[in-house]
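Engineer: my_file.pdb is reproduced in full below (PDB, C-alpha atoms).
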```pdb
ATOM      1  CA  MET A   1      21.222  14.614 -27.354
ATOM      2  CA  ASN A   2      18.183  14.370 -25.124
ATOM      3  CA  PRO A   3      19.387  14.290 -21.511
ATOM      4  CA  ASN A   4      17.502  12.023 -19.113
ATOM      5  CA  LYS A   5      15.383  14.456 -17.125
ATOM      6  CA  ARG A   6      15.164  13.318 -13.521
ATOM      7  CA  LEU A   7      13.612  15.079 -10.565
ATOM      8  CA  LEU A   8      16.640  15.047  -8.272
ATOM      9  CA  SER A   9      14.670  15.784  -5.095
ATOM     10  CA  LEU A  10      12.404  12.791  -5.828
ATOM     11  CA  ASP A  11      15.400  10.479  -6.299
ATOM     12  CA  VAL A  12      16.994  11.706  -3.062
ATOM     13  CA  LEU A  13      13.781  11.247  -1.079
ATOM     14  CA  ARG A  14      13.316   7.797  -2.625
ATOM     15  CA  GLY A  15      16.849   6.850  -1.568
ATOM     16  CA  ILE A  16      16.256   8.072   1.993
ATOM     17  CA  THR A  17      13.002   6.088   2.133
ATOM     18  CA  VAL A  18      14.682   2.895   0.895
ATOM     19  CA  ALA A  19      17.413   3.378   3.503
ATOM     20  CA  GLY A  20      14.712   3.739   6.147
ATOM     21  CA  MET A  21      13.017   0.568   4.914
ATOM     22  CA  ILE A  22      16.293  -1.373   5.179
ATOM     23  CA  LEU A  23      16.838  -0.150   8.745
ATOM     24  CA  VAL A  24      13.288  -1.084   9.748
ATOM     25  CA  ASN A  25      13.235  -4.513   8.100
ATOM     26  CA  ASN A  26      16.799  -5.623   8.901
ATOM     27  CA  THR A  27      17.628  -4.736  12.490
ATOM     28  CA  GLY A  28      19.776  -7.801  13.108
ATOM     29  CA  LYS A  29      19.398 -11.012  15.085
ATOM     30  CA  CYS A  30      20.547  -9.790  18.484
ATOM     31  CA  GLY A  31      17.004  -9.442  19.781
ATOM     32  CA  TYR A  32      17.337  -5.700  20.337
ATOM     33  CA  ASN A  33      15.703  -3.021  18.258
ATOM     34  CA  PHE A  34      15.822   0.756  18.520
ATOM     35  CA  ALA A  35      12.366   2.165  19.253
ATOM     36  CA  ALA A  36      12.500   4.399  16.166
ATOM     37  CA  PHE A  37      12.913   1.345  13.924
ATOM     38  CA  ALA A  38      10.045  -0.625  15.475
ATOM     39  CA  HIS A  39       6.446  -0.243  14.340
ATOM     40  CA  ALA A  40       3.940   1.007  16.882
ATOM     41  CA  LYS A  41       1.973  -1.892  18.359
ATOM     42  CA  TRP A  42      -1.395  -0.164  17.905
ATOM     43  CA  ASP A  43      -1.813   3.454  19.024
ATOM     44  CA  GLY A  44       0.407   6.235  17.716
ATOM     45  CA  PHE A  45       3.310   5.830  15.335
ATOM     46  CA  SER A  46       7.077   5.751  15.224
ATOM     47  CA  PRO A  47       9.470   6.806  12.423
ATOM     48  CA  ALA A  48       9.226   3.211  11.153
ATOM     49  CA  ASP A  49       5.531   3.787  10.454
ATOM     50  CA  LEU A  50       6.353   6.655   8.084
ATOM     51  CA  VAL A  51       8.291   4.499   5.581
ATOM     52  CA  PHE A  52       5.342   2.961   3.730
ATOM     53  CA  PRO A  53       3.279   6.187   3.572
ATOM     54  CA  MET A  54       6.366   7.849   2.110
ATOM     55  CA  PHE A  55       6.471   5.196  -0.624
ATOM     56  CA  MET A  56       2.818   5.989  -1.335
ATOM     57  CA  PHE A  57       3.621   9.703  -1.498
ATOM     58  CA  LEU A  58       6.540   9.069  -3.862
ATOM     59  CA  MET A  59       4.352   6.885  -6.058
ATOM     60  CA  GLY A  60       1.781   9.684  -6.266
ATOM     61  CA  ILE A  61       4.406  12.167  -7.452
ATOM     62  CA  SER A  62       5.818   9.647  -9.952
ATOM     63  CA  THR A  63       2.310   8.935 -11.256
ATOM     64  CA  TYR A  64       1.758  12.628 -11.924
ATOM     65  CA  ILE A  65       5.069  12.922 -13.779
ATOM     66  CA  SER A  66       4.363   9.757 -15.772
ATOM     67  CA  LEU A  67       0.859  10.805 -16.812
ATOM     68  CA  CYS A  68       2.088  14.240 -17.895
ATOM     69  CA  LYS A  69       3.522  12.469 -20.951
ATOM     70  CA  TYR A  70      -0.034  11.553 -21.951
ATOM     71  CA  ASN A  71      -1.395  14.997 -21.069
ATOM     72  CA  PHE A  72      -3.730  13.149 -18.695
ATOM     73  CA  GLN A  73      -5.728  11.769 -21.617
ATOM     74  CA  CYS A  74      -7.546   8.571 -20.713
ATOM     75  CA  ARG A  75      -7.378   6.616 -23.976
ATOM     76  CA  PRO A  76      -3.599   6.600 -24.545
ATOM     77  CA  ALA A  77      -2.773   6.086 -20.855
ATOM     78  CA  ILE A  78      -5.327   3.504 -19.726
ATOM     79  CA  ALA A  79      -3.557   0.423 -21.101
ATOM     80  CA  LYS A  80      -0.317   1.371 -19.361
ATOM     81  CA  ILE A  81      -2.130   2.112 -16.085
ATOM     82  CA  ILE A  82      -3.908  -1.254 -16.054
ATOM     83  CA  LYS A  83      -0.766  -3.150 -17.079
ATOM     84  CA  ARG A  84       1.401  -1.501 -14.405
ATOM     85  CA  SER A  85      -1.232  -1.945 -11.700
ATOM     86  CA  LEU A  86      -1.754  -5.646 -12.457
ATOM     87  CA  LEU A  87       2.014  -6.198 -12.653
ATOM     88  CA  LEU A  88       2.542  -4.727  -9.168
ATOM     89  CA  ILE A  89      -0.261  -6.902  -7.763
ATOM     90  CA  PHE A  90       1.172  -9.999  -9.484
ATOM     91  CA  ILE A  91       4.685  -9.321  -8.158
ATOM     92  CA  GLY A  92       3.235  -8.928  -4.658
ATOM     93  CA  LEU A  93       1.370 -12.251  -4.877
ATOM     94  CA  VAL A  94       4.475 -14.038  -6.161
ATOM     95  CA  MET A  95       6.512 -12.606  -3.282
ATOM     96  CA  GLU A  96       3.874 -13.734  -0.766
ATOM     97  CA  TRP A  97       3.775 -17.191  -2.386
ATOM     98  CA  PHE A  98       7.565 -17.476  -2.200
ATOM     99  CA  ILE A  99       7.713 -16.437   1.469
ATOM    100  CA  THR A 100       4.850 -18.789   2.401
ATOM    101  CA  SER A 101       6.448 -21.645   0.475
ATOM    102  CA  ILE A 102       9.821 -21.173   2.179
ATOM    103  CA  ASP A 103       8.148 -21.138   5.614
ATOM    104  CA  SER A 104       5.973 -24.201   4.985
ATOM    105  CA  GLY A 105       8.245 -26.160   2.657
ATOM    106  CA  ASN A 106       5.260 -26.762   0.365
ATOM    107  CA  TYR A 107       5.345 -24.864  -2.924
ATOM    108  CA  PHE A 108       1.899 -25.999  -4.070
ATOM    109  CA  ASP A 109      -0.224 -25.235  -1.008
ATOM    110  CA  LEU A 110      -2.027 -21.903  -1.462
ATOM    111  CA  SER A 111      -4.350 -22.342   1.514
ATOM    112  CA  GLN A 112      -2.352 -19.820   3.583
ATOM    113  CA  LEU A 113      -1.262 -17.461   0.818
ATOM    114  CA  ARG A 114      -1.624 -13.859   1.953
ATOM    115  CA  LEU A 115      -3.693 -12.065  -0.675
ATOM    116  CA  MET A 116      -2.943  -8.476   0.312
ATOM    117  CA  GLY A 117       0.465  -6.958   0.973
ATOM    118  CA  VAL A 118       2.708  -3.979   0.319
ATOM    119  CA  MET A 119       3.083  -4.488  -3.433
ATOM    120  CA  GLN A 120      -0.583  -5.329  -3.839
ATOM    121  CA  ARG A 121      -1.556  -2.130  -2.053
ATOM    122  CA  LEU A 122       0.802  -0.113  -4.223
ATOM    123  CA  GLY A 123      -0.715  -1.684  -7.330
ATOM    124  CA  ILE A 124      -4.321  -1.135  -6.227
ATOM    125  CA  CYS A 125      -3.752   2.458  -5.120
ATOM    126  CA  TYR A 126      -1.748   3.271  -8.234
ATOM    127  CA  GLY A 127      -4.484   1.861 -10.463
ATOM    128  CA  ILE A 128      -7.285   3.742  -8.713
ATOM    129  CA  THR A 129      -5.515   7.100  -8.440
ATOM    130  CA  ALA A 130      -4.059   6.992 -11.954
ATOM    131  CA  LEU A 131      -7.481   6.189 -13.430
ATOM    132  CA  LEU A 132      -8.975   9.056 -11.404
ATOM    133  CA  ALA A 133      -6.221  11.364 -12.682
ATOM    134  CA  VAL A 134      -7.180  10.735 -16.306
ATOM    135  CA  THR A 135     -10.958  10.743 -15.828
ATOM    136  CA  ILE A 136     -11.855  13.574 -13.419
ATOM    137  CA  PRO A 137     -10.759  17.224 -13.207
ATOM    138  CA  HIS A 138      -7.788  17.653 -10.884
ATOM    139  CA  LYS A 139      -9.529  20.432  -8.967
ATOM    140  CA  ARG A 140     -11.758  17.710  -7.506
ATOM    141  CA  PHE A 141      -8.839  15.764  -6.033
ATOM    142  CA  MET A 142      -8.718  17.553  -2.688
ATOM    143  CA  PRO A 143     -12.488  17.344  -2.018
ATOM    144  CA  LEU A 144     -12.418  13.673  -3.028
ATOM    145  CA  ALA A 145      -9.475  12.937  -0.710
ATOM    146  CA  ILE A 146     -11.248  14.651   2.187
ATOM    147  CA  ILE A 147     -14.488  12.761   1.505
ATOM    148  CA  LEU A 148     -12.620   9.434   1.486
ATOM    149  CA  LEU A 149     -10.971  10.238   4.821
ATOM    150  CA  VAL A 150     -14.276  11.318   6.381
ATOM    151  CA  VAL A 151     -16.007   8.146   5.139
ATOM    152  CA  TYR A 152     -13.204   6.017   6.567
ATOM    153  CA  PHE A 153     -13.371   7.898   9.883
ATOM    154  CA  ILE A 154     -17.118   7.244  10.092
ATOM    155  CA  PHE A 155     -16.511   3.535   9.451
ATOM    156  CA  GLN A 156     -13.921   3.552  12.231
ATOM    157  CA  LEU A 157     -16.045   5.558  14.642
ATOM    158  CA  PHE A 158     -19.174   3.427  14.394
ATOM    159  CA  GLY A 159     -17.434   0.133  13.676
ATOM    160  CA  ASN A 160     -15.186  -0.098  16.734
ATOM    161  CA  GLY A 161     -12.299   0.639  14.408
ATOM    162  CA  PHE A 162     -10.093   2.332  16.992
ATOM    163  CA  GLU A 163     -10.102  -0.659  19.339
ATOM    164  CA  LYS A 164      -7.736  -3.610  19.239
ATOM    165  CA  SER A 165     -10.604  -6.075  19.221
ATOM    166  CA  VAL A 166     -12.014  -8.891  17.096
ATOM    167  CA  ASP A 167     -15.130  -6.695  16.765
ATOM    168  CA  ASN A 168     -13.094  -4.120  14.829
ATOM    169  CA  ILE A 169     -14.902  -3.492  11.527
ATOM    170  CA  VAL A 170     -11.613  -3.356   9.606
ATOM    171  CA  GLY A 171     -10.664  -6.844  10.750
ATOM    172  CA  MET A 172     -14.201  -8.174  10.319
ATOM    173  CA  ILE A 173     -14.314  -7.074   6.674
ATOM    174  CA  ASP A 174     -10.828  -8.468   5.990
ATOM    175  CA  SER A 175     -11.760 -11.770   7.591
ATOM    176  CA  ALA A 176     -15.103 -12.030   5.799
ATOM    177  CA  ILE A 177     -13.751 -11.234   2.326
ATOM    178  CA  LEU A 178     -10.159 -12.488   2.404
ATOM    179  CA  GLY A 179     -10.535 -15.287   4.941
ATOM    180  CA  ALA A 180      -8.352 -15.478   8.052
ATOM    181  CA  ASN A 181      -5.861 -17.872   6.401
ATOM    182  CA  HIS A 182      -5.189 -15.331   3.643
ATOM    183  CA  MET A 183      -4.563 -12.408   5.980
ATOM    184  CA  TYR A 184      -1.366 -11.174   7.602
ATOM    185  CA  LEU A 185      -0.108 -13.785  10.113
ATOM    186  CA  GLN A 186      -3.095 -15.948   9.107
ATOM    187  CA  GLY A 187      -5.420 -13.578  10.949
ATOM    188  CA  ARG A 188      -3.705 -13.835  14.339
ATOM    189  CA  GLN A 189      -3.391 -10.041  14.365
ATOM    190  CA  PHE A 190      -7.121  -9.869  13.350
ATOM    191  CA  VAL A 191      -6.419  -6.796  11.164
ATOM    192  CA  ASP A 192      -4.381  -6.947   7.958
ATOM    193  CA  PRO A 193      -2.042  -3.911   7.748
ATOM    194  CA  GLU A 194      -2.762  -3.718   4.007
ATOM    195  CA  GLY A 195      -6.356  -4.879   4.194
ATOM    196  CA  ILE A 196      -9.444  -3.941   2.223
ATOM    197  CA  LEU A 197     -11.080  -1.123   4.190
ATOM    198  CA  SER A 198      -7.773   0.548   5.061
ATOM    199  CA  THR A 199      -7.135   0.936   1.315
ATOM    200  CA  ILE A 200      -9.555   3.906   1.404
ATOM    201  CA  PRO A 201      -7.200   6.281   3.286
ATOM    202  CA  ALA A 202      -4.257   4.868   1.317
ATOM    203  CA  VAL A 203      -5.938   6.001  -1.928
ATOM    204  CA  SER A 204      -6.572   9.402  -0.339
TER     205      SER A 204
END
```
Kindly present the structure from the file in structure tokens form.

Structural biologist:
Amino acid sequence: MNPNKRLLSLDVLRGITVAGMILVNNTGKCGYNFAAFAHAKWDGFSPADLVFPMFMFLMGISTYISLCKYNFQCRPAIAKIIKRSLLLIFIGLVMEWFITSIDSGNYFDLSQLRLMGVMQRLGICYGITALLAVTIPHKRFMPLAIILLVVYFIFQLFGNGFEKSVDNIVGMIDSAILGANHMYLQGRQFVDPEGILSTIPAVS
């Protein structure tokens, strides 16, 4: 018999993260929310803001374990990487379509369909990092991650990225490429939490 080899610590951490997600997303209808379960409005972060990065971290570990089966060879792994990445993006778009349709009552109007989202970001970041894992030496991962973070910081620094303003470069790029109607809250927040430019540190 070949026992199913699971990384127990990964499963436990995944379970804790899912529990955290449930607490953050389902705090009840009483109008009260514990501060720890509420996202920071702009500056800083709360424990609620650690849930999604933890999912990204878990996905990174799972990607490594998954690609070990292919010995990080590009040719045998690339079809699976592309398929899984596109599937995550598709699931995210279907979820956004369903939520939008329920809110509007119109199942055929895509004019306000949010294009980015949690699942889409997971799919994009998985696709990019998995392709990097099978195409470049792993010793270059840390320098590449640092370079991505520095590039993003420079964008933020010179693009008003730290200010809650319509002149914020992150929001301007999201609005220009995605269109306000296809952003989170139809652009009323001016920055999409899972937008285009902010995908750079997510990949890192």

Engineer: Once the PyMOL selection byres ((chain A and resi 190-197) around 9) is applied to the coordinates I shared, what remains selected? I want it as a ChimeraX atom specification.

Structural biologist: /A:116-118,120-121,152,155,164-166,168-175,177-178,180,183-189,198-201

Engineer: With the file shown as input, list the residues that the PyMOL selection byres ((chain A and resi 91) around 12) selects, as a list in words.

Structural biologist: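 In the shown coordinates, the PyMOL selection byres ((chain A and resi 91) around 12) covers Arg84, Ser85, Leu86, Leu87, Leu88, Ile89, Phe90, Gly92, Leu93, Val94, Met95, Glu96, Trp97, Phe98, Leu115, Met116, Gly117, Val118, Met119, Gln120, Arg121, Leu122 and Gly123 of chain A.
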
Engineer: Centre and edge lengths, as JSON, for the axis-aligned box enclosing every listed atom of segment 94-112 of chain A with 4 Å of padding on each of the six sides, in Å to one decimal?

Structural biologist:
```
{"center_x": 2.7, "center_y": -19.7, "center_z": -0.3, "size_x": 22.2, "size_y": 22.2, "size_z": 19.8}
```

Engineer: So which residues get picked by the PyMOL selection byres ((chain A and resi 51-53) around 12) here, written as an MDAnalysis selection string?

Structural biologist: chainID A and resid 13:25 36:39 45:50 54:60 117:119 121:122 125 193:194 199 201:204

Engineer: May I ask for the distance between atom CA of Leu149 of chain A and atom CA of Ser66 of chain A, given in Å to one decimal place?

Structural biologist: 25.7 Å

Engineer: Which residue, A:Val151, A:Thr63, A:Leu113, A:Phe162, has the smallest gap to Leu132 of chain A when you use only C-alpha atoms?

Structural biologist: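 Using only C-alpha atoms, Leu132 of chain A sits closest to A:Thr63.
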
Engineer: Rounded to one decimal, what separation in Å do you get between atom CA of Thr135 of chain A and atom CA of Phe153 of chain A?

Structural biologist: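 Separating atom CA of Thr135 of chain A from atom CA of Phe153 of chain A is a distance of 26.0 Å.
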
Engineer: Find the residues around Val134 of chain A up to 6 Å (all atoms listed in the file counted), leave out those fewer than 6 positions away in its own chain, and share them as a PyMOL selection string.

Structural biologist: chain A and resi 72-74

Engineer: Just write the chosen residues, C-alpha atoms, as a PDB file, in the frame of the given file.

Structural biologist:
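Now in result-v7.pdb:
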```pdb
ATOM      1  CA  PHE A  72      -3.730  13.149 -18.695  1.00  0.00           C
ATOM      2  CA  GLN A  73      -5.728  11.769 -21.617  1.00  0.00           C
ATOM      3  CA  CYS A  74      -7.546   8.571 -20.713  1.00  0.00           C
TER       4      CYS A  74
END
```

Engineer: As an exercise, work out the distance from atom CA of Arg6 of chain A to atom CA of Ala77 of chain A in Å and give it to one decimal place.

Structural biologist: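 So the two atoms, atom CA of Arg6 of chain A and atom CA of Ala77 of chain A, lie 20.7 Å apart.
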
Engineer: I'd like the contact shell of Pro76 of chain A - 12 Å cut-off, only C-alpha atoms, skipping same-chain residues fewer than 6 positions apart - returned as a PyMOL selection string.

Structural biologist: chain A and resi 67-70+82+131+134

Engineer: Could you write out that same residue set with C-alpha atoms as a compact mmCIF listing (two decimals), in the coordinates of the input?

Structural biologist:
```
# COMPACT_ATOMS: atom_id res chain seq x y z
CA LEU A 67 0.86 10.80 -16.81
CA CYS A 68 2.09 14.24 -17.90
CA LYS A 69 3.52 12.47 -20.95
CA TYR A 70 -0.03 11.55 -21.95
CA ILE A 82 -3.91 -1.25 -16.05
CA LEU A 131 -7.48 6.19 -13.43
CA VAL A 134 -7.18 10.74 -16.31
```
